[in-house]
Each structure stands twice: as C-alpha cells, then as structure tokens.
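The next block is model.pdb, given as PDB, C-alpha atoms and all ligand atoms.
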```pdb
ATOM      1  CA  MET A   1      89.513  95.377  38.153  1.00  0.00           C
ATOM      2  CA  ALA A   2      90.591  91.771  38.214  1.00  0.00           C
ATOM      3  CA  ASP A   3      90.439  89.700  41.390  1.00  0.00           C
ATOM      4  CA  THR A   4      94.079  88.826  41.514  1.00  0.00           C
ATOM      5  CA  PHE A   5      96.370  91.553  42.580  1.00  0.00           C
ATOM      6  CA  SER A   6      99.234  92.710  40.463  1.00  0.00           C
ATOM      7  CA  LEU A   7     101.842  95.188  41.580  1.00  0.00           C
ATOM      8  CA  GLN A   8     102.228  96.236  37.971  1.00  0.00           C
ATOM      9  CA  ARG A   9      98.633  97.459  37.873  1.00  0.00           C
ATOM     10  CA  VAL A  10      99.058  99.456  41.065  1.00  0.00           C
ATOM     11  CA  LEU A  11     102.051 101.106  39.472  1.00  0.00           C
ATOM     12  CA  GLU A  12     100.054 101.886  36.346  1.00  0.00           C
ATOM     13  CA  THR A  13      97.092 103.366  38.208  1.00  0.00           C
ATOM     14  CA  PHE A  14      99.267 105.636  40.339  1.00  0.00           C
ATOM     15  CA  ARG A  15     101.148 106.683  37.223  1.00  0.00           C
ATOM     16  CA  SER A  16      97.851 107.523  35.497  1.00  0.00           C
ATOM     17  CA  SER A  17      96.717 109.506  38.525  1.00  0.00           C
ATOM     18  CA  LEU A  18      99.182 112.340  37.868  1.00  0.00           C
ATOM     19  CA  SER A  19      98.170 114.951  35.326  1.00  0.00           C
ATOM     20  CA  GLU A  20     100.658 117.011  33.336  1.00  0.00           C
ATOM     21  CA  LYS A  21     100.081 119.864  35.741  1.00  0.00           C
ATOM     22  CA  LYS A  22     100.808 117.467  38.599  1.00  0.00           C
ATOM     23  CA  GLU A  23      97.240 117.315  39.748  1.00  0.00           C
ATOM     24  CA  VAL A  24      95.914 114.014  41.067  1.00  0.00           C
ATOM     25  CA  TYR A  25      92.978 112.387  39.283  1.00  0.00           C
ATOM     26  CA  MET A  26      90.484 110.997  41.784  1.00  0.00           C
ATOM     27  CA  LYS A  27      89.449 108.239  39.419  1.00  0.00           C
ATOM     28  CA  TYR A  28      92.895 106.664  39.349  1.00  0.00           C
ATOM     29  CA  TYR A  29      93.664 107.389  42.984  1.00  0.00           C
ATOM     30  CA  ILE A  30      90.570 105.386  43.871  1.00  0.00           C
ATOM     31  CA  ALA A  31      91.439 102.678  41.358  1.00  0.00           C
ATOM     32  CA  GLY A  32      94.843 102.363  43.026  1.00  0.00           C
ATOM     33  CA  TRP A  33      93.133 101.806  46.354  1.00  0.00           C
ATOM     34  CA  GLN A  34      90.821  99.226  44.853  1.00  0.00           C
ATOM     35  CA  GLU A  35      93.863  97.280  43.753  1.00  0.00           C
ATOM     36  CA  LEU A  36      95.319  97.504  47.237  1.00  0.00           C
ATOM     37  CA  VAL A  37      92.094  96.181  48.728  1.00  0.00           C
ATOM     38  CA  ALA A  38      92.339  93.195  46.393  1.00  0.00           C
ATOM     39  CA  PHE A  39      95.848  92.665  47.704  1.00  0.00           C
ATOM     40  CA  MET A  40      94.745  92.807  51.327  1.00  0.00           C
ATOM     41  CA  ASN A  41      91.912  90.400  50.650  1.00  0.00           C
ATOM     42  CA  SER A  42      94.312  87.903  49.178  1.00  0.00           C
ATOM     43  CA  LEU A  43      96.233  87.917  52.467  1.00  0.00           C
ATOM     44  CA  GLY A  44      93.338  86.529  54.471  1.00  0.00           C
ATOM     45  CA  ASN A  45      90.305  87.374  56.572  1.00  0.00           C
ATOM     46  CA  VAL A  46      92.179  88.907  59.492  1.00  0.00           C
ATOM     47  CA  PHE A  47      92.468  92.027  57.399  1.00  0.00           C
ATOM     48  CA  SER A  48      88.822  92.311  56.561  1.00  0.00           C
ATOM     49  CA  PHE A  49      88.171  94.949  59.262  1.00  0.00           C
ATOM     50  CA  ILE A  50      90.836  97.037  57.613  1.00  0.00           C
ATOM     51  CA  SER A  51      89.702  96.477  54.056  1.00  0.00           C
ATOM     52  CA  LYS A  52      86.067  97.144  55.026  1.00  0.00           C
ATOM     53  CA  ASP A  53      87.038 100.598  56.209  1.00  0.00           C
ATOM     54  CA  VAL A  54      88.982 101.268  53.024  1.00  0.00           C
ATOM     55  CA  VAL A  55      86.093  99.985  50.885  1.00  0.00           C
ATOM     56  CA  SER A  56      83.612 102.264  52.628  1.00  0.00           C
ATOM     57  CA  LYS A  57      85.886 105.250  52.103  1.00  0.00           C
ATOM     58  CA  ILE A  58      86.385 104.363  48.452  1.00  0.00           C
ATOM     59  CA  GLN A  59      82.607 104.153  48.178  1.00  0.00           C
ATOM     60  CA  ILE A  60      82.101 107.644  49.629  1.00  0.00           C
ATOM     61  CA  LEU A  61      84.576 109.100  47.154  1.00  0.00           C
ATOM     62  CA  GLU A  62      83.130 107.131  44.264  1.00  0.00           C
ATOM     63  CA  ASN A  63      79.684 108.518  45.031  1.00  0.00           C
ATOM     64  CA  PHE A  64      81.065 112.044  44.681  1.00  0.00           C
ATOM     65  CA  LEU A  65      82.834 111.040  41.501  1.00  0.00           C
ATOM     66  CA  LEU A  66      79.602 109.775  39.964  1.00  0.00           C
ATOM     67  CA  GLY A  67      77.197 112.221  41.612  1.00  0.00           C
ATOM     68  CA  GLU A  68      75.652 115.413  40.349  1.00  0.00           C
ATOM     69  CA  ASN A  69      78.670 117.499  41.400  1.00  0.00           C
ATOM     70  CA  ARG A  70      81.093 115.158  39.692  1.00  0.00           C
ATOM     71  CA  SER A  71      82.679 117.919  37.620  1.00  0.00           C
ATOM     72  CA  HIS A  72      84.196 119.240  40.874  1.00  0.00           C
ATOM     73  CA  TYR A  73      85.631 115.882  41.837  1.00  0.00           C
ATOM     74  CA  VAL A  74      87.856 115.212  38.858  1.00  0.00           C
ATOM     75  CA  THR A  75      91.067 115.955  40.747  1.00  0.00           C
ATOM     76  CA  ILE A  76      91.944 116.152  44.430  1.00  0.00           C
ATOM     77  CA  GLN A  77      92.794 119.811  43.792  1.00  0.00           C
ATOM     78  CA  SER A  78      89.359 120.612  42.373  1.00  0.00           C
ATOM     79  CA  MET A  79      87.648 118.695  45.194  1.00  0.00           C
ATOM     80  CA  VAL A  80      89.489 120.682  47.877  1.00  0.00           C
ATOM     81  CA  LYS A  81      88.686 123.986  46.176  1.00  0.00           C
ATOM     82  CA  TYR A  82      85.029 123.120  45.655  1.00  0.00           C
ATOM     83  CA  GLU A  83      84.349 121.721  49.121  1.00  0.00           C
ATOM     84  CA  LEU A  84      86.118 124.591  50.883  1.00  0.00           C
ATOM     85  CA  GLU A  85      84.482 127.313  48.811  1.00  0.00           C
ATOM     86  CA  ASN A  86      81.069 125.812  49.483  1.00  0.00           C
ATOM     87  CA  ASP A  87      81.542 125.111  53.203  1.00  0.00           C
ATOM     88  CA  LEU A  88      81.197 121.384  52.702  1.00  0.00           C
ATOM     89  CA  VAL A  89      83.938 120.401  55.172  1.00  0.00           C
ATOM     90  CA  ASP A  90      83.794 120.076  58.956  1.00  0.00           C
ATOM     91  CA  LEU A  91      87.012 121.854  59.811  1.00  0.00           C
ATOM     92  CA  THR A  92      87.377 121.553  63.569  1.00  0.00           C
ATOM     93  CA  LYS A  93      84.788 119.121  64.838  1.00  0.00           C
ATOM     94  CA  ARG A  94      82.394 116.693  63.284  1.00  0.00           C
ATOM     95  CA  GLY A  95      79.159 118.387  62.332  1.00  0.00           C
ATOM     96  CA  SER A  96      76.953 118.521  59.298  1.00  0.00           C
ATOM     97  CA  HIS A  97      79.586 117.159  56.876  1.00  0.00           C
ATOM     98  CA  PRO A  98      81.006 114.066  58.560  1.00  0.00           C
ATOM     99  CA  GLU A  99      81.721 112.418  55.224  1.00  0.00           C
ATOM    100  CA  SER A 100      83.247 115.171  53.143  1.00  0.00           C
ATOM    101  CA  GLY A 101      85.511 114.193  50.299  1.00  0.00           C
ATOM    102  CA  CYS A 102      88.373 116.064  51.988  1.00  0.00           C
ATOM    103  CA  ARG A 103      88.228 114.220  55.307  1.00  0.00           C
ATOM    104  CA  THR A 104      87.581 110.865  53.671  1.00  0.00           C
ATOM    105  CA  LEU A 105      90.505 111.196  51.301  1.00  0.00           C
ATOM    106  CA  LEU A 106      92.729 112.351  54.166  1.00  0.00           C
ATOM    107  CA  ARG A 107      92.305 108.913  55.806  1.00  0.00           C
ATOM    108  CA  LEU A 108      93.462 107.178  52.638  1.00  0.00           C
ATOM    109  CA  HIS A 109      96.220 109.718  52.208  1.00  0.00           C
ATOM    110  CA  ARG A 110      97.624 108.918  55.651  1.00  0.00           C
ATOM    111  CA  ALA A 111      97.438 105.227  54.831  1.00  0.00           C
ATOM    112  CA  LEU A 112      99.348 105.858  51.607  1.00  0.00           C
ATOM    113  CA  ARG A 113     102.250 107.065  53.719  1.00  0.00           C
ATOM    114  CA  TRP A 114     102.129 103.794  55.623  1.00  0.00           C
ATOM    115  CA  LEU A 115     102.194 101.949  52.318  1.00  0.00           C
ATOM    116  CA  GLU A 116     105.162 103.927  51.086  1.00  0.00           C
ATOM    117  CA  LEU A 117     107.134 103.257  54.270  1.00  0.00           C
ATOM    118  CA  PHE A 118     106.210  99.591  54.294  1.00  0.00           C
ATOM    119  CA  LEU A 119     107.017  98.950  50.632  1.00  0.00           C
ATOM    120  CA  GLU A 120     110.350 100.711  51.015  1.00  0.00           C
ATOM    121  CA  ARG A 121     111.160  98.375  53.899  1.00  0.00           C
ATOM    122  CA  LEU A 122     110.045  95.385  51.883  1.00  0.00           C
ATOM    123  CA  ARG A 123     112.156  96.501  48.912  1.00  0.00           C
ATOM    124  CA  THR A 124     115.314  96.761  50.990  1.00  0.00           C
ATOM    125  CA  SER A 125     114.584  93.762  53.219  1.00  0.00           C
ATOM    126  CA  THR A 126     116.667  90.616  53.455  1.00  0.00           C
ATOM    127  CA  GLU A 127     115.593  87.004  53.606  1.00  0.00           C
ATOM    128  CA  ASP A 128     115.319  86.935  57.381  1.00  0.00           C
ATOM    129  CA  SER A 129     113.344  90.194  57.658  1.00  0.00           C
ATOM    130  CA  LYS A 130     109.924  89.802  59.232  1.00  0.00           C
ATOM    131  CA  THR A 131     106.912  91.321  57.470  1.00  0.00           C
ATOM    132  CA  SER A 132     105.160  91.861  60.805  1.00  0.00           C
ATOM    133  CA  VAL A 133     108.061  94.019  61.989  1.00  0.00           C
ATOM    134  CA  MET A 134     108.253  95.953  58.727  1.00  0.00           C
ATOM    135  CA  CYS A 135     104.506  96.560  58.840  1.00  0.00           C
ATOM    136  CA  SER A 136     104.378  97.679  62.429  1.00  0.00           C
ATOM    137  CA  ASP A 137     107.478  99.888  62.175  1.00  0.00           C
ATOM    138  CA  ALA A 138     105.921 101.612  59.173  1.00  0.00           C
ATOM    139  CA  TYR A 139     102.608 101.835  61.041  1.00  0.00           C
ATOM    140  CA  ASN A 140     104.103 103.348  64.180  1.00  0.00           C
ATOM    141  CA  GLU A 141     105.879 105.918  62.066  1.00  0.00           C
ATOM    142  CA  SER A 142     102.722 106.992  60.261  1.00  0.00           C
ATOM    143  CA  LEU A 143      99.108 105.942  60.739  1.00  0.00           C
ATOM    144  CA  ALA A 144      99.370 104.955  64.393  1.00  0.00           C
ATOM    145  CA  GLN A 145      99.654 108.613  65.358  1.00  0.00           C
ATOM    146  CA  HIS A 146      96.110 109.099  64.065  1.00  0.00           C
ATOM    147  CA  HIS A 147      94.551 106.003  65.619  1.00  0.00           C
ATOM    148  CA  PRO A 148      93.146 105.542  69.119  1.00  0.00           C
ATOM    149  CA  TRP A 149      94.481 102.847  71.413  1.00  0.00           C
ATOM    150  CA  LEU A 150      91.838 100.225  70.595  1.00  0.00           C
ATOM    151  CA  ILE A 151      92.526 100.366  66.867  1.00  0.00           C
ATOM    152  CA  ARG A 152      96.274 100.286  67.436  1.00  0.00           C
ATOM    153  CA  LYS A 153      95.803  97.104  69.475  1.00  0.00           C
ATOM    154  CA  ALA A 154      93.626  95.449  66.830  1.00  0.00           C
ATOM    155  CA  VAL A 155      96.087  96.400  64.120  1.00  0.00           C
ATOM    156  CA  GLY A 156      98.901  94.929  66.200  1.00  0.00           C
ATOM    157  CA  VAL A 157      97.043  91.618  66.383  1.00  0.00           C
ATOM    158  CA  ALA A 158      96.416  91.632  62.628  1.00  0.00           C
ATOM    159  CA  PHE A 159     100.109  92.212  61.951  1.00  0.00           C
ATOM    160  CA  CYS A 160     100.956  88.995  63.779  1.00  0.00           C
ATOM    161  CA  ALA A 161      98.845  87.111  61.232  1.00  0.00           C
ATOM    162  CA  LEU A 162     100.755  88.468  58.267  1.00  0.00           C
ATOM    163  CA  PRO A 163     102.267  85.912  55.927  1.00  0.00           C
ATOM    164  CA  GLY A 164     106.014  85.852  55.520  1.00  0.00           C
ATOM    165  CA  ARG A 165     108.144  87.756  53.077  1.00  0.00           C
ATOM    166  CA  ASP A 166     108.146  85.034  50.405  1.00  0.00           C
ATOM    167  CA  THR A 167     104.350  84.953  50.298  1.00  0.00           C
ATOM    168  CA  PHE A 168     104.261  88.738  50.025  1.00  0.00           C
ATOM    169  CA  PHE A 169     106.534  88.653  47.026  1.00  0.00           C
ATOM    170  CA  ASP A 170     104.471  85.875  45.422  1.00  0.00           C
ATOM    171  CA  VAL A 171     101.145  87.623  45.994  1.00  0.00           C
ATOM    172  CA  MET A 172     102.450  90.670  44.185  1.00  0.00           C
ATOM    173  CA  ASN A 173     102.367  88.661  40.968  1.00  0.00           C
ATOM    174  CA  ALA A 174     105.342  90.400  39.468  1.00  0.00           C
ATOM    175  CA  GLY A 175     107.777  87.594  38.830  1.00  0.00           C
ATOM    176  CA  ASP A 176     110.696  86.463  40.953  1.00  0.00           C
ATOM    177  CA  HIS A 177     112.013  88.358  43.969  1.00  0.00           C
ATOM    178  CA  MET A 178     114.444  90.417  41.928  1.00  0.00           C
ATOM    179  CA  GLN A 179     111.730  91.513  39.541  1.00  0.00           C
ATOM    180  CA  VAL A 180     109.457  92.460  42.436  1.00  0.00           C
ATOM    181  CA  VAL A 181     112.244  94.481  44.022  1.00  0.00           C
ATOM    182  CA  ALA A 182     112.860  96.256  40.701  1.00  0.00           C
ATOM    183  CA  LEU A 183     109.182  97.018  40.259  1.00  0.00           C
ATOM    184  CA  LEU A 184     108.974  98.310  43.826  1.00  0.00           C
ATOM    185  CA  GLY A 185     111.877 100.592  43.032  1.00  0.00           C
ATOM    186  CA  GLU A 186     109.895 101.913  40.094  1.00  0.00           C
ATOM    187  CA  SER A 187     106.590 102.236  41.993  1.00  0.00           C
ATOM    188  CA  LEU A 188     107.817 103.903  45.147  1.00  0.00           C
ATOM    189  CA  PRO A 189     108.860 107.269  43.669  1.00  0.00           C
ATOM    190  CA  LEU A 190     105.413 107.515  42.048  1.00  0.00           C
ATOM    191  CA  ILE A 191     103.563 106.699  45.245  1.00  0.00           C
ATOM    192  CA  ALA A 192     105.811 109.137  47.084  1.00  0.00           C
ATOM    193  CA  GLU A 193     105.099 111.855  44.530  1.00  0.00           C
ATOM    194  CA  VAL A 194     101.332 111.405  44.714  1.00  0.00           C
ATOM    195  CA  TYR A 195     101.611 111.418  48.497  1.00  0.00           C
ATOM    196  CA  GLN A 196     103.714 114.588  48.556  1.00  0.00           C
ATOM    197  CA  ILE A 197     101.482 116.524  46.171  1.00  0.00           C
ATOM    198  CA  THR A 198      98.454 115.693  48.308  1.00  0.00           C
ATOM    199  CA  GLU A 199     100.331 116.450  51.521  1.00  0.00           C
ATOM    200  CA  ASP A 200     101.395 119.893  50.238  1.00  0.00           C
ATOM    201  CA  LEU A 201      97.873 120.677  49.057  1.00  0.00           C
ATOM    202  CA  TYR A 202      96.354 119.699  52.407  1.00  0.00           C
ATOM    203  CA  ALA A 203      99.045 121.574  54.341  1.00  0.00           C
ATOM    204  CA  LYS A 204      98.535 124.719  52.285  1.00  0.00           C
ATOM    205  CA  ASN A 205      94.820 124.617  53.114  1.00  0.00           C
ATOM    206  CA  THR A 206      95.334 123.541  56.750  1.00  0.00           C
ATOM    207  CA  LEU A 207      93.384 120.350  56.215  1.00  0.00           C
ATOM    208  CA  LEU A 208      95.809 117.867  57.751  1.00  0.00           C
ATOM    209  CA  GLU A 209      93.885 117.480  61.009  1.00  0.00           C
ATOM    210  CA  LEU A 210      90.337 117.236  59.674  1.00  0.00           C
ATOM    211  CA  PRO A 211      88.065 115.466  62.187  1.00  0.00           C
TER     212      PRO A 211
HETATM  213  C1  LIG A 301      99.072  94.263  54.222  1.00  0.00           C
HETATM  214  C2  LIG A 301      98.599  94.369  55.570  1.00  0.00           C
HETATM  215  C3  LIG A 301      97.738  95.470  55.840  1.00  0.00           C
HETATM  216  C4  LIG A 301      98.225  96.321  56.933  1.00  0.00           C
HETATM  217  C5  LIG A 301      97.472  97.572  57.071  1.00  0.00           C
HETATM  218  C6  LIG A 301      98.128  98.557  57.959  1.00  0.00           C
HETATM  219  C7  LIG A 301      97.311  99.722  58.284  1.00  0.00           C
HETATM  220  C8  LIG A 301      96.331  99.478  59.329  1.00  0.00           C
HETATM  221  C9  LIG A 301      95.156 100.384  59.298  1.00  0.00           C
HETATM  222  C10 LIG A 301      94.129 100.024  60.257  1.00  0.00           C
HETATM  223  C11 LIG A 301      92.767 100.536  60.007  1.00  0.00           C
HETATM  224  C12 LIG A 301      91.829 100.085  61.043  1.00  0.00           C
HETATM  225  C13 LIG A 301      90.393 100.190  60.787  1.00  0.00           C
HETATM  226  C14 LIG A 301      89.767 101.530  60.646  1.00  0.00           C
HETATM  227  C15 LIG A 301      90.168 102.628  61.173  1.00  0.00           C
HETATM  228  C16 LIG A 301      89.473 103.945  60.978  1.00  0.00           C
HETATM  229  O1  LIG A 301      88.989 104.383  62.202  1.00  0.00           O
HETATM  230  C17 LIG A 301      90.455 104.934  60.413  1.00  0.00           C
HETATM  231  C18 LIG A 301      89.990 106.384  60.512  1.00  0.00           C
HETATM  232  O2  LIG A 301      88.823 106.569  59.802  1.00  0.00           O
HETATM  233  P1  LIG A 301      87.597 107.325  60.520  1.00  0.00           P
HETATM  234  O3  LIG A 301      87.209 106.487  61.699  1.00  0.00           O
HETATM  235  O4  LIG A 301      88.123 108.670  60.928  1.00  0.00           O
HETATM  236  O5  LIG A 301      86.515 107.397  59.460  1.00  0.00           O
HETATM  237  N1  LIG A 301      90.712 104.581  59.046  1.00  0.00           N
HETATM  238  C19 LIG A 301      91.929 104.706  58.504  1.00  0.00           C
HETATM  239  O6  LIG A 301      92.861 105.176  59.123  1.00  0.00           O
HETATM  240  C20 LIG A 301      92.141 104.210  57.094  1.00  0.00           C
HETATM  241  C21 LIG A 301      93.024 103.021  57.169  1.00  0.00           C
HETATM  242  C22 LIG A 301      93.359 102.448  55.883  1.00  0.00           C
HETATM  243  C23 LIG A 301      94.322 101.322  55.972  1.00  0.00           C
HETATM  244  C24 LIG A 301      94.809 100.928  54.657  1.00  0.00           C
HETATM  245  C25 LIG A 301      95.803  99.874  54.640  1.00  0.00           C
HETATM  246  C26 LIG A 301      96.469  99.760  53.341  1.00  0.00           C
HETATM  247  C27 LIG A 301      96.675  98.407  52.925  1.00  0.00           C
HETATM  248  C28 LIG A 301      97.412  98.266  51.691  1.00  0.00           C
HETATM  249  C29 LIG A 301      97.681  96.860  51.382  1.00  0.00           C
HETATM  250  C30 LIG A 301      99.027  96.593  50.935  1.00  0.00           C
END
```
As structure tokens, the full file:
Amino acid sequence: MADTFSLQRVLETFRSSLSEKKEVYMKYYIAGWQELVAFMNSLGNVFSFISKDVVSKIQILENFLLGENRSHYVTIQSMVKYELENDLVDLTKRGSHPESGCRTLLRLHRALRWLELFLERLRTSTEDSKTSVMCSDAYNESLAQHHPWLIRKAVGVAFCALPGRDTFFDVMNAGDHMQVVALLGESLPLIAEVYQITEDLYAKNTLLELP
C-alpha cells in the first residue's frame, strides 16, 4: 500500500473483493479499508481517533487472516459460518469472544454505509456544498445510530475540521473534478454491492446487532 491515497485503488480493491459467486474476500475488504485509512490520515490529525479505531479493527481481522484458522477467514461468508458453528461469537452480550471476526467486521460494515452515503453526496454536490454537512448528514443517517452520545459529540467536532470540497477532490488523486465525479460514479455501485451482500448475510444470520 502506498502512502498517498488514490480513489482508483479503492475502486480496484473493492472490485477484487467480489468473487464470481458474489462472496466477499476478506483480504481485499481489509485492503480497501487500509486505503481509506490512508485517506483519512491525509486529511489531518483530528481524525486520528477515528483512524486508530479502524486500524485496530483491521488488525484484529488481519490476525485471523494470517492465523492458524486462516482457511476459514478467506471470505466473509466462510468467517460467519465458521465462527457461528464453533460458538466463537458473543451474540447478545459481551463475554468470552469480545473480538470475534463477526462483530469486528460489523463495525467496519456499518462505516461502509456511511462512506457510501457520503461519497454519493460528494458525487452529486455543487461548488457551494459543505463537506462537513455532507459528512454529518451521512453520519446521522447511518453510523450515529450505533454510537453513544460522547462519540457522536466527538465526531461532530471532527467534522467541523474537515477540509473543503476542493481539497477532498484533490486528495482523491484522480484528476480534475469531472474525473473524480466519474470515478465516484463507477466506485459507488461496487461499494454498495459489497455493502448489500454483507448486510444480507448478517441479516440472514441475525448478526446485525452484535455487541
Ligand atoms: C473523512 C472524514 C472521516 C469521517 C468519519 C466519519 C465516521 C465517524 C466514525 C467515528 C468513530 C469514532 C471512534 C470509535 C468508535 C467505536 O466505538 C466504534 C464501535 O466500535 P466498538 O467500540 O464497538 O469496538 N467504531 C466504529 O463505529 C467504527 C468506525 C469507523 C469509522 C470509519 C470512517 C471511515 C472513513 C473513511 C474515509 C473516507
């Protein structure tokens, strides 16, 4: 992974994450998140409390991916099956498996919905649109419902420090505004598809409220 973010690479990793059978490869899902962390880091230190949390969750999943049970962690589908069949998930309250792959990935999954909503706003925004408003609208519609008051407050403060729309477009390293908008149009259906496949899988297994 290179230090500078590129929207193109995010697109490529999410594209690679879908198998022919529409399963989601953990390796690329995680790689996609690593790219997004690089993006957040390029926006400044205010976001470090957010990226730290993402990094620690990526780390948990990576450990499974490299660990002795790695054959069960190739796709999100195989992870869910394996962890459920072997009672490796705290289903109703935190207990002996506070860091299961299922609950850890669920946090990133919810954040992916935020990303989808935010990028769609950015794609259709106009010159006078405010990134802080786009971010917080997307947040209130998604992740905020899963966060306690204190986190919602801290996130609200961080949003105020967001750079403007022009900077966002520049940091994406994908050419001029029109090219970024085109690439967003290409990326969003992929992100939405990965999100929906995961959402359906979690819903089918009643995993959407994991503690
Ligand atoms: C580009 C600007 C970035 C805006 C990010 C908007 C989302 C704000 C998320 C705030 C997370 C706050 C810190 C940690 C919270 C954790 O408590 C929760 C639940 O985990 P648990 O405590 O249950 O283990 N963590 C999350 O909800 C994961 C949040 C991930 C946020 C990812 C942001 C994506 C950024 C993409 C950059 C374009």
Query raised in the report: Given the choices A:Val46, A:Val54, A:Cys102, A:Leu91, which gets closest to Thr198 (chain A) if the distance is worked out from all atoms listed in the file?
Result: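 Distance minimum relative to Thr198 (chain A) lands on A:Cys102.
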Query raised in the report: What gap, in Å, lies between CA of Arg113 (chain A) and CA of Glu85 (chain A)?
Result: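 A separation of 27.4 Å between them.
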Query raised in the report: Mind listing the residues within 6 Å of ligand LIG 301 (chain A), all atoms listed in the file counted, as a ChimeraX atom specification?
Result: /A:36,39-40,49-50,53-54,107-108,111,151,155
Which neighbours of Gly32 (chain A) fall inside 7 Å, counting all atoms listed in the file, when residues of the same chain fewer than 3 positions from it are skipped, and could you give them as a CSV table (one decimal) with C-alpha atoms, keeping the file's coordinate frame?
```csv
chain,number,residue,atom,x,y,z
A,10,VAL,CA,99.1,99.5,41.1
A,13,THR,CA,97.1,103.4,38.2
A,14,PHE,CA,99.3,105.6,40.3
A,28,TYR,CA,92.9,106.7,39.3
A,29,TYR,CA,93.7,107.4,43.0
A,35,GLU,CA,93.9,97.3,43.8
A,36,LEU,CA,95.3,97.5,47.2
```
Query - Straight-line distance linking CA of Lys57 (chain A) with CA of Arg123 (chain A), stated in Å to one decimal - result: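 A separation of 27.9 Å between them.
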Query raised in the report: Hey, can you check how far CA of Ser6 (chain A) sits from CA of His146 (chain A)?
Result: 28.9 Å
Query - Selection near Arg121 (chain A), 10 Å with only C-alpha atoms, sequence-local residues under 3 positions removed, as JSON, numbers by chain - result: {"A": [115, 116, 117, 118, 124, 125, 126, 129, 131, 133, 134, 135, 137, 138]}
Query raised in the report: Exactly which residues make up the result of the PyMOL selection byres (((chain A and resi 169-185) around 10) and not hetatm) on this file, given as a count of residues only?
Result: 29
Report task. Please evaluate the PyMOL selection byres (((chain A and resi 90) around 12) and not hetatm) against the structure above and give the resulting residues as a list in words. Result ->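 Selection result, ordered by chain and number: Glu83, Leu84, Asn86, Asp87, Leu88, Val89, Leu91, Thr92, Lys93, Arg94, Gly95, Ser96, His97, Pro98, Glu99, Ser100, Gly101, Cys102, Arg103, Thr104, Leu207, Glu209, Leu210 and Pro211 of chain A.
Of the residues under consideration (A:Ser17, A:Asn63, A:Ala31, A:Leu105), A:Leu105 shows the shortest atom-to-atom contact distance to Val80 (chain A) when counting all atoms listed in the file.
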Query raised in the report: Restricting the calculation to only C-alpha atoms, which member of A:Ala158, A:Leu18, A:Glu62, A:Thr206 is positioned closest to Gly44 (chain A)?
Result: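 Comparing A:Ala158, A:Leu18, A:Glu62, A:Thr206 against Gly44 (chain A), the winner is A:Ala158.
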I'd like the neighbourhood of Trp114 (chain A) as a PDB file with C-alpha atoms, in the frame of the given file, where a residue qualifies if any of its atoms comes within 8 Å (using all atoms listed in the file), though same-chain residues fewer than 4 positions away should be ignored.
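The resulting file, out.pdb, is shown below:
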```
ATOM      1  CA  ARG A 110      97.624 108.918  55.651  1.00  0.00           C
ATOM      2  CA  PHE A 118     106.210  99.591  54.294  1.00  0.00           C
ATOM      3  CA  ALA A 138     105.921 101.612  59.173  1.00  0.00           C
ATOM      4  CA  TYR A 139     102.608 101.835  61.041  1.00  0.00           C
ATOM      5  CA  GLU A 141     105.879 105.918  62.066  1.00  0.00           C
ATOM      6  CA  SER A 142     102.722 106.992  60.261  1.00  0.00           C
ATOM      7  CA  LEU A 143      99.108 105.942  60.739  1.00  0.00           C
TER       8      LEU A 143
END
```
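With all atoms listed in the file as the atoms that count, the residue of A:Val55, A:His109, A:Glu127, A:Phe47 with the shortest distance to Phe159 (chain A) is A:Phe47.
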Since the input is missing atoms, can you rebuild N, CA and C atoms for region 81-95 of chain A and write them as a short mmCIF file (atom, residue, chain, number, x, y, z; two decimals), in the frame of the given file?
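Output (result18.cif):
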```
data_model
loop_
_atom_site.label_atom_id
_atom_site.label_comp_id
_atom_site.auth_asym_id
_atom_site.auth_seq_id
_atom_site.Cartn_x
_atom_site.Cartn_y
_atom_site.Cartn_z
N LYS A 81 89.16 122.63 46.49
CA LYS A 81 88.69 123.99 46.18
C LYS A 81 87.16 124.05 46.30
N TYR A 82 86.49 123.11 45.68
CA TYR A 82 85.03 123.12 45.66
C TYR A 82 84.45 122.96 47.06
N GLU A 83 84.93 121.97 47.80
CA GLU A 83 84.35 121.72 49.12
C GLU A 83 84.63 122.88 50.08
N LEU A 84 85.81 123.47 49.98
CA LEU A 84 86.12 124.59 50.88
C LEU A 84 85.29 125.83 50.51
N GLU A 85 85.22 126.12 49.24
CA GLU A 85 84.48 127.31 48.81
C GLU A 85 83.00 127.22 49.14
N ASN A 86 82.51 125.99 49.23
CA ASN A 86 81.07 125.81 49.48
C ASN A 86 80.76 125.32 50.90
N ASP A 87 81.73 125.50 51.80
CA ASP A 87 81.54 125.11 53.20
C ASP A 87 81.04 123.68 53.36
N LEU A 88 81.66 122.77 52.65
CA LEU A 88 81.20 121.38 52.70
C LEU A 88 82.10 120.51 53.58
N VAL A 89 82.99 121.16 54.35
CA VAL A 89 83.94 120.40 55.17
C VAL A 89 83.80 120.79 56.64
N ASP A 90 83.71 119.80 57.52
CA ASP A 90 83.79 120.08 58.96
C ASP A 90 85.26 120.30 59.28
N LEU A 91 85.59 121.52 59.67
CA LEU A 91 87.01 121.85 59.81
C LEU A 91 87.59 121.55 61.19
N THR A 92 86.81 121.73 62.23
CA THR A 92 87.38 121.55 63.57
C THR A 92 86.71 120.45 64.37
N LYS A 93 85.41 120.28 64.20
CA LYS A 93 84.79 119.12 64.84
C LYS A 93 83.69 118.58 63.94
N ARG A 94 83.37 117.33 64.16
CA ARG A 94 82.39 116.69 63.28
C ARG A 94 81.04 117.36 63.44
N GLY A 95 80.43 117.70 62.30
CA GLY A 95 79.16 118.39 62.33
C GLY A 95 78.27 117.93 61.20
#
```
